[in-house]
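Text of the file data-v4.txt, holding compact mmCIF, C-alpha atoms:
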```
# COMPACT_ATOMS: atom_id res chain seq x y z
CA MET B 1 151.16 77.06 140.31
CA THR B 2 150.37 79.56 137.62
CA ASP B 3 153.29 78.16 135.73
CA LYS B 4 151.95 74.59 136.11
CA ILE B 5 148.53 75.59 134.77
CA HIS B 6 150.29 77.28 131.86
CA LYS B 7 152.37 74.28 131.04
CA ALA B 8 149.41 71.92 131.35
CA PHE B 9 147.32 73.92 128.87
CA ASP B 10 150.27 74.52 126.57
CA ASN B 11 150.08 70.85 125.73
CA ILE B 12 146.57 71.30 124.36
CA LYS B 13 147.08 72.60 120.86
CA ALA B 14 144.91 73.22 117.87
CA ASP B 15 146.84 71.17 115.35
CA ASN B 16 147.27 72.05 111.70
CA ARG B 17 144.64 69.55 110.65
CA LEU B 18 142.00 71.35 112.77
CA LYS B 19 143.09 74.78 111.53
CA GLU B 20 143.02 73.72 107.87
CA SER B 21 139.68 71.93 108.16
CA THR B 22 138.29 75.05 109.85
CA LYS B 23 139.55 77.26 107.02
CA GLN B 24 137.94 74.93 104.46
CA PHE B 25 134.71 74.92 106.47
CA LEU B 26 134.71 78.73 106.53
CA LEU B 27 135.48 78.95 102.83
CA ALA B 28 132.53 76.67 101.98
CA ASN B 29 130.27 78.77 104.20
CA ARG B 30 131.54 81.97 102.62
CA LYS B 31 130.52 80.67 99.17
CA ASN B 32 127.09 79.68 100.51
CA GLN B 33 126.62 83.07 102.12
CA THR B 34 127.65 84.85 98.92
CA SER B 35 125.29 82.83 96.74
CA LEU B 36 122.51 83.34 99.29
CA ALA B 37 123.14 87.08 99.24
CA LEU B 38 123.13 87.12 95.44
CA ALA B 39 119.95 85.07 95.37
CA LYS B 40 118.34 87.39 97.88
CA ARG B 41 119.20 90.60 96.07
CA PRO B 42 116.84 90.17 93.09
CA ALA B 43 114.10 89.02 95.48
CA LEU B 44 114.48 92.25 97.41
CA GLN B 45 114.52 94.25 94.21
CA ASN B 46 111.43 92.38 93.03
CA LYS B 47 109.68 93.08 96.30
CA PHE B 48 110.54 96.76 96.00
CA ALA B 49 109.35 96.85 92.40
CA ILE B 50 106.13 95.03 93.34
CA ALA B 51 105.55 97.47 96.21
CA CYS B 52 106.09 100.45 93.87
CA LEU B 53 103.78 98.91 91.28
CA ALA B 54 101.14 98.29 93.94
CA ILE B 55 101.35 101.91 95.08
CA VAL B 56 101.08 103.20 91.50
CA LEU B 57 98.17 100.83 90.80
CA ALA B 58 96.40 101.79 94.01
CA ALA B 59 96.87 105.48 93.21
CA GLY B 60 95.68 104.85 89.64
CA ILE B 61 92.59 102.94 90.77
CA ARG B 62 91.84 105.58 93.38
CA GLY B 63 92.25 108.34 90.78
CA TYR B 64 90.14 106.44 88.26
CA LEU B 65 87.38 105.91 90.84
CA TRP B 66 87.61 109.59 91.81
CA ILE B 67 87.23 110.64 88.18
CA GLN B 68 84.54 108.07 87.42
CA SER B 69 82.38 108.66 90.49
CA PRO B 70 79.23 110.63 89.61
CA VAL B 71 78.75 113.91 91.46
CA SER B 72 75.84 115.42 89.51
CA TYR B 73 72.92 114.18 87.46
CA ILE B 74 70.78 115.48 84.60
CA SER B 75 67.45 113.81 83.98
CA ILE B 76 66.01 114.33 80.51
CA ASP B 77 62.32 113.50 80.38
CA VAL B 78 59.70 113.87 77.68
CA ASN B 79 58.14 110.55 77.47
CA PRO B 80 61.50 108.94 77.02
CA SER B 81 63.27 109.15 80.37
CA ILE B 82 67.04 109.30 80.21
CA GLU B 83 69.44 110.13 82.97
CA LEU B 84 73.05 111.30 82.64
CA ALA B 85 75.49 110.91 85.53
CA LEU B 86 78.36 113.41 85.40
CA ASN B 87 81.78 113.37 87.04
CA ARG B 88 83.64 116.30 88.58
CA PHE B 89 84.64 117.50 85.14
CA ASP B 90 81.06 117.47 83.78
CA ARG B 91 81.80 114.44 81.65
CA VAL B 92 79.19 111.71 81.24
CA VAL B 93 80.17 108.63 83.28
CA SER B 94 76.93 106.71 82.81
CA VAL B 95 73.73 106.96 80.79
CA THR B 96 70.55 105.18 81.88
CA ALA B 97 67.25 104.81 80.11
CA TYR B 98 64.26 104.43 82.46
CA ASN B 99 61.72 103.29 79.90
CA PRO B 100 61.66 101.50 76.52
CA GLU B 101 61.37 104.82 74.71
CA GLY B 102 64.55 106.00 76.37
CA GLU B 103 66.30 102.75 75.45
CA GLU B 104 65.30 103.28 71.84
CA ILE B 105 66.86 106.74 71.83
CA LEU B 106 70.11 105.54 73.38
CA GLN B 107 70.63 102.45 71.30
CA ASP B 108 72.66 104.23 68.62
CA LEU B 109 74.33 106.80 70.85
CA SER B 110 77.70 106.66 72.52
CA LEU B 111 77.74 109.35 75.17
CA LYS B 112 80.18 108.19 77.83
CA GLY B 113 83.11 110.52 78.30
CA LYS B 114 81.43 113.39 76.47
CA ILE B 115 80.80 116.77 78.02
CA TYR B 116 77.17 116.94 79.14
CA THR B 117 76.19 119.73 76.71
CA ALA B 118 77.34 117.61 73.75
CA ALA B 119 75.54 114.57 75.20
CA ILE B 120 72.27 116.54 75.57
CA ASP B 121 72.52 117.87 72.03
CA GLU B 122 72.99 114.35 70.68
CA ILE B 123 69.99 113.07 72.61
CA VAL B 124 67.64 115.92 71.77
CA GLU B 125 68.68 116.18 68.14
CA ASN B 126 68.54 112.42 67.62
CA GLN B 127 66.09 111.52 64.87
CA ALA B 128 64.30 109.01 67.08
CA MET B 129 63.45 111.88 69.45
CA ASP B 130 61.45 113.73 66.80
CA ILE B 131 58.26 111.77 67.41
CA TYR B 132 58.31 112.66 71.14
CA ILE B 133 59.14 116.36 70.94
CA THR B 134 55.95 117.88 69.61
CA GLU B 135 53.97 121.06 70.24
CA ASP B 136 52.07 119.34 73.04
CA SER B 137 55.05 117.67 74.72
CA GLU B 138 57.36 119.11 77.27
CA LEU B 139 61.10 118.52 77.44
CA ILE B 140 62.08 118.71 81.06
CA PHE B 141 65.69 118.83 82.27
CA THR B 142 66.00 118.16 85.97
CA ILE B 143 69.40 118.89 87.48
CA ALA B 144 70.76 117.47 90.73
CA ALA B 145 74.11 118.86 91.78
CA ASN B 146 75.68 120.50 94.77
CA ASN B 147 74.79 124.16 95.19
CA SER B 148 78.05 125.58 93.94
CA HIS B 149 77.96 123.63 90.71
CA GLU B 150 74.24 123.55 89.99
CA ASN B 151 74.17 127.06 88.46
CA ASN B 152 76.95 126.20 86.00
CA ILE B 153 75.16 123.08 84.81
CA SER B 154 71.83 124.92 84.56
CA THR B 155 73.44 127.56 82.38
CA GLY B 156 74.96 124.88 80.18
CA VAL B 157 71.64 123.06 79.89
CA GLN B 158 69.80 126.27 78.97
CA ARG B 159 72.25 126.90 76.18
CA CYS B 160 71.67 123.42 74.86
CA CYS B 161 67.91 123.54 74.89
CA GLY B 162 67.89 127.13 73.61
CA HIS B 163 70.09 126.01 70.80
CA SER B 164 67.77 123.11 70.02
CA GLY B 165 64.86 125.52 69.73
CA HIS B 166 62.43 123.34 71.64
CA SER B 167 60.03 124.38 74.34
CA SER B 168 61.87 123.07 77.33
CA HIS B 169 62.32 123.67 81.01
CA SER B 170 65.11 123.09 83.46
CA ILE B 171 64.47 122.37 87.09
CA SER B 172 66.86 122.02 89.98
CA ALA B 173 66.19 119.20 92.39
CA ASP B 174 67.67 118.08 95.67
CA PRO B 175 70.40 115.47 94.92
CA GLY B 176 69.02 113.53 97.91
CA ILE B 177 66.06 112.31 95.87
CA VAL B 178 68.28 110.60 93.26
CA PRO B 179 68.67 107.31 95.16
CA GLN B 180 64.95 107.27 96.07
CA ALA B 181 64.05 107.72 92.39
CA HIS B 182 66.34 104.89 91.37
CA ASP B 183 64.88 102.64 94.06
CA ASN B 184 61.48 103.27 92.48
CA GLY B 185 62.75 102.62 88.97
CA LEU B 186 62.23 106.19 87.74
CA SER B 187 64.55 108.85 86.46
CA PHE B 188 64.90 111.42 89.21
CA GLY B 189 63.32 114.03 86.89
CA LYS B 190 60.13 112.01 86.66
CA TYR B 191 60.28 111.09 90.34
CA TYR B 192 60.59 114.77 91.19
CA ALA B 193 57.47 115.46 89.10
CA TYR B 194 55.71 112.62 90.94
CA LEU B 195 56.61 114.20 94.29
CA GLN B 196 55.02 117.47 93.10
CA LEU B 197 51.86 115.77 91.94
CA VAL B 198 51.40 113.59 95.00
CA GLN B 199 51.16 116.76 97.12
CA TYR B 200 47.76 117.42 95.48
CA ASP B 201 46.59 113.89 94.86
CA ASP B 202 47.78 111.25 97.28
CA THR B 203 46.04 108.51 95.32
CA ILE B 204 48.64 108.88 92.54
CA THR B 205 51.31 106.19 92.70
CA VAL B 206 54.79 105.89 91.30
CA ASP B 207 53.52 103.23 88.90
CA ASP B 208 50.88 105.65 87.59
CA CYS B 209 53.56 108.22 86.85
CA ARG B 210 55.85 105.68 85.24
CA ASP B 211 53.36 105.25 82.41
CA MET B 212 52.56 108.96 82.05
CA SER B 213 54.49 111.39 79.88
CA MET B 214 55.99 114.46 81.53
CA SER B 215 53.49 116.75 79.83
CA GLU B 216 50.65 114.68 81.31
CA ILE B 217 52.13 114.85 84.80
CA TYR B 218 52.78 118.58 84.64
CA ARG B 219 49.38 119.22 83.10
CA LEU B 220 47.83 117.65 86.21
CA ILE B 221 50.11 119.65 88.50
CA THR B 222 49.18 122.87 86.71
CA MET B 223 45.53 121.99 86.97
CA TYR B 224 45.76 121.42 90.74
CA GLU B 225 47.73 124.65 91.20
CA TYR B 226 45.08 126.71 89.39
CA ASN B 227 42.28 125.00 91.32
CA THR B 228 43.85 125.44 94.73
CA GLY B 229 45.62 128.73 94.12
CA TYR B 230 48.80 127.04 95.36
CA THR B 231 52.01 128.64 94.28
CA ASP B 232 55.35 127.04 94.88
CA PRO B 233 57.45 129.80 96.47
CA TYR B 234 60.58 128.48 94.82
CA ILE B 235 59.20 128.59 91.31
CA ASP B 236 60.24 131.29 88.95
CA SER B 237 56.96 131.34 87.06
CA THR B 238 58.24 133.51 84.24
CA ASP B 239 57.82 131.56 81.05
CA SER B 240 60.48 132.27 78.52
CA GLY B 241 58.57 130.56 75.80
CA GLY B 242 61.72 128.66 75.05
CA CYS B 243 64.18 127.49 77.62
CA HIS B 244 62.90 128.01 81.11
CA GLN B 245 64.49 127.51 84.51
CA SER B 246 63.24 127.06 88.03
CA HIS B 247 64.87 126.19 91.34
CA GLY B 248 63.53 123.58 93.69
CA GLY B 249 60.16 123.47 91.96
CA HIS B 250 58.48 123.13 88.62
CA HIS B 251 57.22 125.22 85.73
CA HIS B 252 53.79 126.05 84.56
CA LEU B 253 53.33 124.34 81.30
CA HIS B 254 51.54 125.51 78.25
CA MET A 1 131.34 89.39 106.24
CA ARG A 2 135.03 89.46 107.15
CA SER A 3 137.60 88.86 104.43
CA GLU A 4 139.25 85.47 104.00
CA PRO A 5 142.77 86.69 104.95
CA GLU A 6 141.39 88.35 108.10
CA VAL A 7 139.54 85.20 109.14
CA ASN A 8 142.51 82.94 108.39
CA HIS A 9 144.77 85.23 110.42
CA ALA A 10 142.36 84.99 113.36
CA VAL A 11 142.30 81.18 113.06
CA GLU A 12 146.09 81.09 113.31
CA LYS A 13 146.21 83.62 116.13
CA TYR A 14 143.42 82.36 118.40
CA ALA A 15 143.20 78.63 117.53
CA ASP A 16 144.93 77.44 120.71
CA MET A 17 142.93 79.69 122.99
CA ILE A 18 139.62 78.57 121.47
CA LYS A 19 140.73 74.95 121.64
CA HIS A 20 141.55 75.30 125.36
CA VAL A 21 138.14 76.69 126.22
CA CYS A 22 136.36 74.08 124.11
CA PHE A 23 138.48 71.36 125.63
CA TYR A 24 137.92 72.14 129.32
CA HIS A 25 134.20 72.55 128.72
CA LEU A 26 133.45 69.68 126.34
CA LYS A 27 136.22 67.20 127.12
CA ASN A 28 136.18 65.44 123.75
CA HIS A 29 137.73 66.27 120.41
CA ALA A 30 134.66 65.86 118.19
CA ASP A 31 132.46 68.26 120.15
CA ALA A 32 135.39 70.64 120.66
CA GLU A 33 135.96 70.77 116.89
CA ASP A 34 132.27 71.45 116.21
CA VAL A 35 132.23 74.43 118.54
CA PHE A 36 135.70 75.54 117.41
CA GLN A 37 134.54 75.83 113.78
CA ASN A 38 131.26 77.49 114.70
CA VAL A 39 133.06 80.13 116.75
CA PHE A 40 135.13 81.12 113.73
CA LEU A 41 132.02 81.04 111.53
CA LYS A 42 130.41 83.56 113.90
CA TYR A 43 133.60 85.61 113.74
CA MET A 44 133.52 85.58 109.93
CA LEU A 45 129.88 86.72 109.87
CA HIS A 46 130.34 89.35 112.60
CA ASP A 47 130.53 92.59 110.59
CA GLU A 48 131.10 95.09 113.38
CA PRO A 49 134.69 96.29 113.73
CA PHE A 50 136.72 95.65 116.89
CA ASN A 51 138.31 98.56 118.70
CA ASN A 52 141.60 96.72 119.10
CA ALA A 53 143.16 93.26 119.42
CA GLU A 54 142.13 92.97 123.10
CA HIS A 55 138.53 93.72 122.20
CA GLU A 56 138.68 91.07 119.48
CA LYS A 57 140.19 88.48 121.85
CA ALA A 58 137.61 89.17 124.57
CA TRP A 59 134.80 88.89 122.01
CA LEU A 60 136.11 85.51 120.86
CA LEU A 61 136.42 84.23 124.45
CA ARG A 62 132.88 85.31 125.30
CA VAL A 63 131.47 83.73 122.13
CA THR A 64 133.41 80.50 122.73
CA ILE A 65 132.30 80.16 126.36
CA ASN A 66 128.67 80.84 125.44
CA SER A 67 128.85 78.42 122.50
CA CYS A 68 130.21 75.69 124.76
CA LYS A 69 127.44 76.28 127.31
CA ASP A 70 124.82 76.21 124.56
CA TYR A 71 126.33 73.02 123.22
CA LEU A 72 126.21 71.37 126.63
CA ASN A 73 122.68 72.58 127.27
CA ASP A 74 121.43 70.74 124.25
CA PHE A 75 119.45 67.82 125.70
CA PHE A 76 120.54 65.28 123.13
CA ARG A 77 124.20 66.18 123.40
CA ARG A 78 123.97 66.18 127.19
CA ASN A 79 122.81 62.56 127.09
CA LYS A 80 125.23 61.40 124.42
CA ILE A 81 128.17 59.18 125.35
CA PRO A 82 131.32 60.69 123.85
CA LEU A 83 133.25 58.32 121.62
CA GLU A 84 136.51 59.70 122.88
CA THR A 85 137.07 59.75 126.61
CA LEU A 86 138.86 62.38 128.61
CA ALA A 87 141.53 59.85 129.49
CA GLU A 88 142.43 59.49 125.85
CA ILE A 89 142.83 63.21 125.43
CA GLU A 90 144.87 63.50 128.57
CA ALA A 91 147.14 60.81 127.26
CA GLU A 92 148.45 63.46 124.86
CA VAL A 93 149.59 65.52 127.86
CA PRO A 94 152.91 64.64 129.57
CA GLU A 95 152.42 62.94 132.92
CA GLU A 96 153.91 65.74 135.00
CA HIS A 97 151.22 68.18 133.83
CA ARG A 98 148.32 65.76 133.87
CA GLU A 99 147.47 66.17 137.60
CA VAL A 100 147.01 69.96 137.30
CA LEU A 101 145.01 69.58 134.09
CA GLU A 102 142.75 66.96 135.68
CA ALA A 103 142.25 69.18 138.73
CA VAL A 104 141.17 72.14 136.54
CA LEU A 105 138.93 69.99 134.36
CA SER A 106 137.23 68.47 137.40
CA LEU A 107 136.21 71.89 138.75
CA PRO A 108 132.51 72.82 138.56
CA ALA A 109 131.83 74.67 135.28
CA LYS A 110 131.40 78.09 136.91
CA TYR A 111 135.00 78.03 138.27
CA LYS A 112 136.74 76.65 135.19
CA ASP A 113 136.31 79.75 133.05
CA ILE A 114 137.53 82.02 135.81
CA ILE A 115 140.54 79.89 136.69
CA TYR A 116 141.53 79.59 133.03
CA LEU A 117 141.00 83.26 132.21
CA HIS A 118 142.87 84.38 135.27
CA TYR A 119 145.75 81.90 135.49
CA TYR A 120 146.30 81.14 131.84
CA GLU A 121 145.14 84.22 129.96
CA GLY A 122 146.16 86.62 132.74
CA TYR A 123 142.93 88.57 132.99
CA LYS A 124 142.05 90.57 136.11
CA ALA A 125 138.74 90.22 137.91
CA ASP A 126 137.16 93.28 136.31
CA GLU A 127 138.19 92.10 132.84
CA ILE A 128 136.82 88.62 133.48
CA GLY A 129 133.61 90.25 134.71
CA LYS A 130 133.25 92.06 131.39
CA ILE A 131 133.88 88.92 129.36
CA LEU A 132 131.47 86.76 131.35
CA GLY A 133 128.92 89.46 132.04
CA LYS A 134 129.24 89.13 135.80
CA LYS A 135 129.96 91.60 138.58
CA GLU A 136 133.59 92.08 139.64
CA ASN A 137 132.79 91.01 143.22
CA THR A 138 131.21 87.81 141.95
CA ILE A 139 134.39 87.07 140.01
CA TYR A 140 136.50 87.65 143.14
CA SER A 141 134.43 85.24 145.19
CA LEU A 142 134.32 82.60 142.41
CA LEU A 143 138.07 82.94 141.95
CA SER A 144 138.63 82.53 145.67
CA ARG A 145 136.42 79.46 145.93
CA GLY A 146 137.84 77.93 142.73
CA ARG A 147 141.38 78.43 144.03
CA LYS A 148 140.42 76.77 147.32
CA ILE A 149 138.90 73.72 145.55
CA LEU A 150 141.95 73.45 143.31
CA LYS A 151 144.26 73.57 146.33
CA GLU A 152 142.36 70.72 147.95
CA LYS A 153 142.50 68.66 144.78
CA LEU A 154 146.24 69.19 144.49
CA GLY A 155 146.90 68.04 148.07
CA GLY A 156 147.16 71.45 149.68
CA GLU A 157 149.55 72.94 147.18
CA GLU A 158 149.18 76.70 147.41
CA ILE A 159 148.11 78.53 144.28
CA ASP A 160 149.66 81.91 143.83
CA GLY A 161 147.97 84.91 142.27
```
Using structure tokens, write down the structure that the file contains.
Amino acid sequence: MTDKIHKAFDNIKADNRLKESTKQFLLANRKNQTSLALAKRPALQNKFAIACLAIVLAAGIRGYLWIQSPVSYISIDVNPSIELALNRFDRVVSVTAYNPEGEEILQDLSLKGKIYTAAIDEIVENQAMDIYITEDSELIFTIAANNSHENNISTGVQRCCGHSGHSSHSISADPGIVPQAHDNGLSFGKYYAYLQLVQYDDTITVDDCRDMSMSEIYRLITMYEYNTGYTDPYIDSTDSGGCHQSHGGHHHLH
Amino acid sequence: MRSEPEVNHAVEKYADMIKHVCFYHLKNHADAEDVFQNVFLKYMLHDEPFNNAEHEKAWLLRVTINSCKDYLNDFFRRNKIPLETLAEIEAEVPEEHREVLEAVLSLPAKYKDIIYLHYYEGYKADEIGKILGKKENTIYSLLSRGRKILKEKLGGEEIDG
């Protein structure tokens, strides 16, 4: 029986026509597969290149944002109110004027990217500043930075103002008040002064302070301090007669 | 992808075997040729090496049987009337062998593979089990039942093996 099954199936043959047509069919498919593979290869390479580019771009953007994000602020207030935002490398990343006088000072200055000491010198020594820095005015630098960095900036600021030869003061403020000041449309230096004043006179508003010069605000603060005998424990009340620094508080003004 | 000489060699070597399997499953030349060519296309695209010639042959049998089943499971093909009838194909076979061929082809599908693999290709139950993915005992029982049905169809003629 096995033999009969063998003989029966032996009559079923794949003829030459079927074999040859199969070989042609396979050859055509081989060419298609090869061209598909060749077409796919650049696409894969492109995808890889695009992925690499995306990673580099993402890293670049992230790095740029890291460098450009402000970590400390210096508010420069006389009557003009100007605020410098500094990056991790103490370079100016943005400059904002908080009143028309400040805008006037900044209109001819290009401070972005400069180290903050150079930026301060340019502002203070600007000719338009001359009319605001007088014997009766006070140049107040208010610094907001994290604790470890605040001392470095204060030292740098003192050197600037000492170099400029003006009667000036530097104050350290809590960086937490910076957003509140901006919400109220004030430089944080002036807003800090407002917070000092409002402790003695709760009828004073932010709008009142906006129109007052720093010397006017601090004159009122000094007056209240003398009347009440209040002394801010954080204030170093030693007046240098030139550049003057305090931490977390304000200075007695002349 | 396998080289052209390797594929052409396989076509020459296994063409008859593939044709047999396609034939007893599909029973018409057109469908058999479709599956026949697709089996060799799969072979050409199959990159993994075979351990030896037996491994290669078993792989081709498994792929052919599965391809035939897939082809028959296609709803549209299942309901299509073949242009070429079985009778026409059988006309190519000498009369003295036609009865046996008809008896094998008339078996239910699950017995045909086992009868062919065992009686024509000479595989043992365990080998058939590996090709079809079934247990050895299942192959034994299918082989026994298939042999019995074949004996009945052939008027009681005993089948050896």
Which residues come within 9 Å of Val71 of chain B, counting only C-alpha atoms, excluding same-chain residues fewer than 3 positions away, as a list in words?
->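 Skipping anything fewer than 3 positions along the chain leaves Ala85, Leu86, Asn87, Arg88, Asp90, Ala144, Ala145 and Asn146 of chain B.
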Protein and nucleic acid residues near (143.6, 82.1, 132.5) (cut-off 10 Å, all atoms listed in the file) as an MDAnalysis selection string | (chainID B and resid 2 5:6 9) or (chainID A and resid 17 21 112:124 128)
With all atoms listed in the file counted and 7 Å as the cut-off, give the residues of chain B in contact with chain A, each with its shortest interatomic distance in Å and the pair that gives it, as a Markdown table.
```
| residue | atom | partner | partner_atom | distance |
| --- | --- | --- | --- | --- |
| B:Met1 | CA | A:Ile159 | CA | 5.2 |
| B:Thr2 | CA | A:Tyr119 | CA | 5.6 |
| B:Lys4 | CA | A:His97 | CA | 6.8 |
| B:Ile5 | CA | A:Val100 | CA | 6.4 |
| B:His6 | CA | A:Tyr120 | CA | 5.6 |
| B:Lys7 | CA | A:His97 | CA | 6.8 |
| B:Ala8 | CA | A:His97 | CA | 4.8 |
| B:Phe9 | CA | A:His20 | CA | 6.9 |
| B:Asn11 | CA | A:Val93 | CA | 5.8 |
| B:Ile12 | CA | A:His20 | CA | 6.5 |
| B:Lys13 | CA | A:Asp16 | CA | 5.3 |
| B:Ala14 | CA | A:Asp16 | CA | 5.1 |
| B:Lys19 | CA | A:Val11 | CA | 6.6 |
| B:Thr22 | CA | A:Gln37 | CA | 5.5 |
| B:Lys23 | CA | A:Asn8 | CA | 6.5 |
| B:Leu26 | CA | A:Leu41 | CA | 6.1 |
```
Considering only C-alpha atoms, return as number ranges by chain whatever protein or nucleic-acid residues lie within 7 Å of segment 196-200 of chain B, sequence-local ones (same chain, fewer than 4 positions apart) excluded.
-> B: 192, 204, 221, 224
Please provide as a ChimeraX atom specification all residues within 10 Å of Ile133 of chain B, with the sequence filter that same-chain residues fewer than 2 positions apart are discarded (counting all atoms listed in the file).
-> /B:78-80,124-125,128-131,135-139,166-168
I need the residues from that last selection saved to file as a PDB file, in the frame of the given file (with C-alpha atoms), if you can.
```
ATOM      1  CA  VAL B  78      59.700 113.870  77.680  1.00  0.00           C
ATOM      2  CA  ASN B  79      58.140 110.550  77.470  1.00  0.00           C
ATOM      3  CA  PRO B  80      61.500 108.940  77.020  1.00  0.00           C
ATOM      4  CA  VAL B 124      67.640 115.920  71.770  1.00  0.00           C
ATOM      5  CA  GLU B 125      68.680 116.180  68.140  1.00  0.00           C
ATOM      6  CA  ALA B 128      64.300 109.010  67.080  1.00  0.00           C
ATOM      7  CA  MET B 129      63.450 111.880  69.450  1.00  0.00           C
ATOM      8  CA  ASP B 130      61.450 113.730  66.800  1.00  0.00           C
ATOM      9  CA  ILE B 131      58.260 111.770  67.410  1.00  0.00           C
ATOM     10  CA  GLU B 135      53.970 121.060  70.240  1.00  0.00           C
ATOM     11  CA  ASP B 136      52.070 119.340  73.040  1.00  0.00           C
ATOM     12  CA  SER B 137      55.050 117.670  74.720  1.00  0.00           C
ATOM     13  CA  GLU B 138      57.360 119.110  77.270  1.00  0.00           C
ATOM     14  CA  LEU B 139      61.100 118.520  77.440  1.00  0.00           C
ATOM     15  CA  HIS B 166      62.430 123.340  71.640  1.00  0.00           C
ATOM     16  CA  SER B 167      60.030 124.380  74.340  1.00  0.00           C
ATOM     17  CA  SER B 168      61.870 123.070  77.330  1.00  0.00           C
TER      18      SER B 168
END
```
Between atom CA of Arg91 of chain B and atom CA of Ala173 of chain B, distance in Å (one decimal) | 19.5 Å
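Going from atom CA of Asp15 of chain B to atom CA of Cys68 of chain A covers 19.6 Å.
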Return the single residue from B:Glu101, B:Leu57, B:Phe89, B:Gln33 that is closest to Asn152 of chain B, with distances computed using all atoms listed in the file.
->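 Answer, going by the shortest atom-to-atom distance: B:Phe89.
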Could you give me, as a PyMOL selection string, the residues within 12 Å of Thr117 of chain B, counting all atoms listed in the file and dropping anything in the same chain fewer than 4 positions from it?
-> chain B and resi 74+84+86+90-92+111+113+121-125+141+152-164
B:His182, B:Lys190, B:Arg30, B:His149: which is nearest Ser215 of chain B, counting all atoms listed in the file?
->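 Distance minimum relative to Ser215 of chain B lands on B:Lys190.
Reported to one decimal place, the separation of atom CA of Asp183 of chain B from atom CA of Glu103 of chain B is 18.7 Å.
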Return the single residue from A:Gly155, A:Gly133, A:Gly146, A:Pro5 that is closest to Trp59 of chain A, with distances computed using only C-alpha atoms.
-> A:Gly133
Would you mind telling me which residue in A:Lys69, A:Glu6, A:Leu26, A:Asp74 lies nearest to Asp47 of chain A when using only C-alpha atoms?
->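 Between A:Lys69, A:Glu6, A:Leu26, A:Asp74, the residue approaching Asp47 of chain A most closely is A:Glu6.
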